[in-house]
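Asker: I am attaching a structure below and will ask some questions about it afterwards.
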Amino acid sequence: MRMPALFFALFAFSLPAAAEKFFSSQVSPQAMAAFAARDAGRSTKSENWMVAAANPLAAEAGAGVLRTGGTAADAMVAVQAVLGLVEPQSSGFGGGAFLVWYDAATGQVTTLDGREAAPLGVTPGLFLDEAGQPLKFFDAVVGGRSVGVPATPALMEEAHKRWGSANWAGLFEDAIRLASEGFPVSPRLARSIESDAGRLARFAKTAAYFMTADGTPKPAGTILKNHAYALTSRAFAKDGARVFYSGPLAENIVATVQGADGNPGVLDLTDLALYRVKERPAVCAPYREHQVCGMGPPSSGGLTVAQILGLLAPFDLAKLGPDSPESWRLIGDASRLAFADRGRYMADSDFVPVPVKGLIDPAYLSGRAALLRTETALPEVSPGDPSWDHGHLRTYADDESLELPSTSHISIVDSYGNALSMTTTVENAFGSRLMAGGFILNNELTDFSFRTHRAGQPIANSVAPGKRPRSSMAPTIVLKDGKLVLVIGSPGGSRIIGYVAKTIIAHIDWGMDIQAAISLPHLSNRFGTYDLEPDAAQLKGPLEAIGFETNMRPLTSGLHGIAVGDGLEGGADPRREGIALGE
């Protein structure tokens, strides 16, 4: 089948050759073949198992586990342990994650909430200045004030207890070896260090790790050794996640947060001791002949992806195709409508009522979809009025939290047919810029709205003790007739939602294989302005002609996906350094 013109334009934005050349001396021939396939726009194919992750060293760690009969949960532990070392700006032991699991034996989808929680000592004015006005974003982020309870270690352990079969301690061997012997700073990590050098330099431990002796950013190719990370990983391998939540490492984390010069936080040992991973109901909604399953609150990802797809269900996107401005008019305004609901209604459902069923009710979405039956862009959008299965308790004001892109995503299918989709983060690049135990501590609390009220109305996503901040992470598993067909997810701040929805549409409606669907240029519209990647430039004029404001800019996702059919096909985002590996 001939691929659309829009697809062939994608390779102009990609900078894969530099990454492929950089990693050529560090990874296996199989990994280099995966790079070559990705860069040529071809999916990686396998018959037995597949792992797709944002760094080839991490993907190879997962592949080693799967090759010896490990499950997707086992492989995730190995992948995450390495990612936190080689891609510390995006995820790690000091962050949090959401996980969606498909069990091949039962056909069931389970979701685990490993989101960071606010310390019990926070107050409503956490991110307000003395005049009661919101702090500037980076004034809130950098330091201890923004740090929530690290949750990723607890999630790793919980997933392994439920679905793992491999020896726990052995899953950390690659991370320990790389931390002890050293690994080269990748081009992407080097660019991240350089762009954030001023903030990284504020704290001595962080500066010593990422900067040279003369205070300049460490360049690509620099060999980084992290003995503290190796010690932490050995302790984690020996004694499990409890080492993060009590004892010397926990005390180190608390001291680092509370002692952050100029911007201390309130995290304490009680907060760490009380943290628990939570199983949440999966959000599953129909699209075409499929069921799209994702993470519910406190993530907005699953609900908003489901809303976008539900709003588009009455329209024949397959006939329109990916080159049609009409396709993107529908997708863009469907996204705007869904984001309007997201901003008002979605938050931690343990603390505020969220109309989960009402937001994805087919009748509600059908009514909202009628707004799309125009020939021009919607001039304005506003939240709808979904039904509340527990009663409408109060009216909320629209949220104003800022979610900047960072994060990472892991997709895995094991030889038993189980699948794992996990999006993992420290929030902003390098999180709070604080380090403890060799890893970055998150700045997840800045995903809360800095204001608690607007015009006298409460904001659902305001900060409270023990509450988990709203996220846009959207790890997703797609089924057809109860069978697994797609594992997908992405980093990218609040644009995650659009990246995932686009990829599902490209695969299901436009018949693209997983690599083509991932590589297809992004067009993202959340709040009115249509952001376009440069290789979608041919759509700029037509979209403006029907009423959209547009902005050409890079849109750096990190989509990693696996399609399941006669065999497995893996895809990795050419915008980053990841690959898909399988056998």
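Labeling convention for the structure tokens: chains A, B, ... as they appear, residues from 1 per chain, ligands from 1 in order of appearance.
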Sorted by chain and rising residue number, list the residues of segment 366-464 of chain A at most 9 Å from segment 478-500 of chain A (counting only C-alpha atoms), each with its closest atom pair and distance in Å to one decimal, as a tab-separated table.
Answerer:
```
residue	atom	partner	partner_atom	distance
A:Leu402	CA	A:Ser494	CA	8.5
A:Glu403	CA	A:Gly493	CA	5.1
A:Leu404	CA	A:Gly493	CA	4.9
A:Pro405	CA	A:Gly493	CA	3.9
A:Ser406	CA	A:Gly492	CA	5.7
A:Thr407	CA	A:Pro491	CA	4.8
A:Ser408	CA	A:Pro491	CA	5.1
A:His409	CA	A:Ser490	CA	5.3
A:Ile410	CA	A:Gly489	CA	7.5
A:Ser411	CA	A:Val487	CA	6.1
A:Ile412	CA	A:Val487	CA	7.6
A:Val413	CA	A:Val487	CA	8.2
A:Gly417	CA	A:Leu484	CA	8.4
A:Asn418	CA	A:Leu484	CA	8.7
A:Ala419	CA	A:Val487	CA	7.2
A:Leu420	CA	A:Val487	CA	7.4
A:Ser421	CA	A:Val487	CA	6.1
A:Met422	CA	A:Gly489	CA	7.4
A:Thr423	CA	A:Gly489	CA	6.6
A:Thr424	CA	A:Pro491	CA	8.1
A:Thr425	CA	A:Pro491	CA	8.2
A:Glu427	CA	A:Gly493	CA	8.1
A:Asn428	CA	A:Gly493	CA	8.5
```
Asker: Taking 3 positions as the minimum chain separation for residues in the same chain, which residues sit within 7 Å of segment 329-334 of chain A when counting only C-alpha atoms? Answer as a list in words.
Answerer: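 Near neighbours after the sequence-gap exclusion: Ile308, Leu311, Leu312, Pro325, Glu326, Leu337, Ala338, Leu372, Ala377, Leu378, Ser524 and Asn525 of chain A.
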Asker: Considering only C-alpha atoms, state which residue in the set A:Ala340, A:Ala255, A:Val352, A:Val243 is at the smallest distance from Arg468 of chain A.
Answerer: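 Closest to Arg468 of chain A of all the choices is A:Val352.
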Asker: Could you write out, as number ranges by chain, all the residues of segment 179-278 of chain A that DSSP marks as strand (DSSP E or B)?
Answerer: A: 183-184, 211, 217, 223-224, 278
Asker: Can you work out which one of A:Pro286, A:Pro521, A:Pro297, A:Gly215 has the shortest atom-to-atom distance to Ala506 of chain A, counting only C-alpha atoms?
Answerer: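 So, comparing all the options, the nearest one is A:Pro521.
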Asker: Would you please work out which residue, of A:Cys284, A:Ala347, A:Ile505, A:Val86, is nearest to Ala220 of chain A when using only C-alpha atoms?
Answerer: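 Counting only C-alpha atoms, the residue closest to Ala220 of chain A is A:Val86.
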Asker: Between A:Leu441, A:Ala436, A:Val141, A:Ala241, single out the one closest to Asn226 of chain A, counting only C-alpha atoms.
Answerer: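 The answer is A:Ala436, which sits nearest to Asn226 of chain A.
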Asker: Extract, using only C-alpha atoms, all DNA, RNA and protein residues at most 9 Å from Phe22 of chain A, discarding same-chain residues fewer than 2 positions from it, and format them as number ranges by chain.
Answerer: A: 17-20, 24-26, 186-187, 220-221
Asker: When distances are computed from only C-alpha atoms, which of A:Pro458, A:Pro29, A:Pro542, A:Gly148 shows the smallest separation from Tyr275 of chain A?
Answerer: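 So, comparing all the options, the nearest one is A:Gly148.
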Asker: Separation of atom CA of Lys357 of chain A and atom CA of Arg276 of chain A, in Å?
Answerer: 25.4 Å
Asker: Env of Ala59 of chain A: 12 Å cut, atoms = only C-alpha atoms, seq-sep filter 4 positions within chain, self excluded. Answer as a VMD selection string.
Answerer: chain A and resid 27 to 28 30 to 32 34 to 35 50 to 55 63 to 66 75 to 83 86 174 to 175 409 to 412 560 570 572 577 to 582
Asker: Hey, which of A:Ala563, A:Leu303, A:Leu57, A:Ala545 ends up closest to Ala517 of chain A? Count only C-alpha atoms.
Answerer: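 Residue with the minimum atom-to-atom distance to Ala517 of chain A: A:Ala563.
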Asker: Which parts of segment 328-478 of chain A does DSSP call helix (DSSP H, G or I) when run on the backbone here, written out as an MDAnalysis selection string?
Answerer: chainID A and resid 328:345 356:359 362:372 444:447
Asker: Within 10 Å of Asp268 of chain A, counting only C-alpha atoms, which residues qualify if same-chain residues fewer than 4 places away don't, as a PyMOL selection string?
Answerer: chain A and resi 119-121+149+250-251+253-255+257-258+272-273
Asker: For Leu155 of chain A, find every residue with an atom within 7 Å (counting only C-alpha atoms), except residues of its own chain fewer than 4 positions away, and show them as a PyMOL selection string.
Answerer: chain A and resi 114+151+159+277
Asker: Skipping near chain neighbours, those fewer than 4 positions away, what residues fall within 10 Å of Leu85 of chain A using only C-alpha atoms, listed as a list in words?
Answerer: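 Selected residues are Ala58, Gln80, Ala81, Gln89, Ser90, Ser91, Gly92, Phe93, Ala175, Ile176, Leu178, Ala179, Phe183, Leu224, Lys225, Asn226, Tyr229, Ala230, Gly438, Phe439 and Ile440 of chain A.
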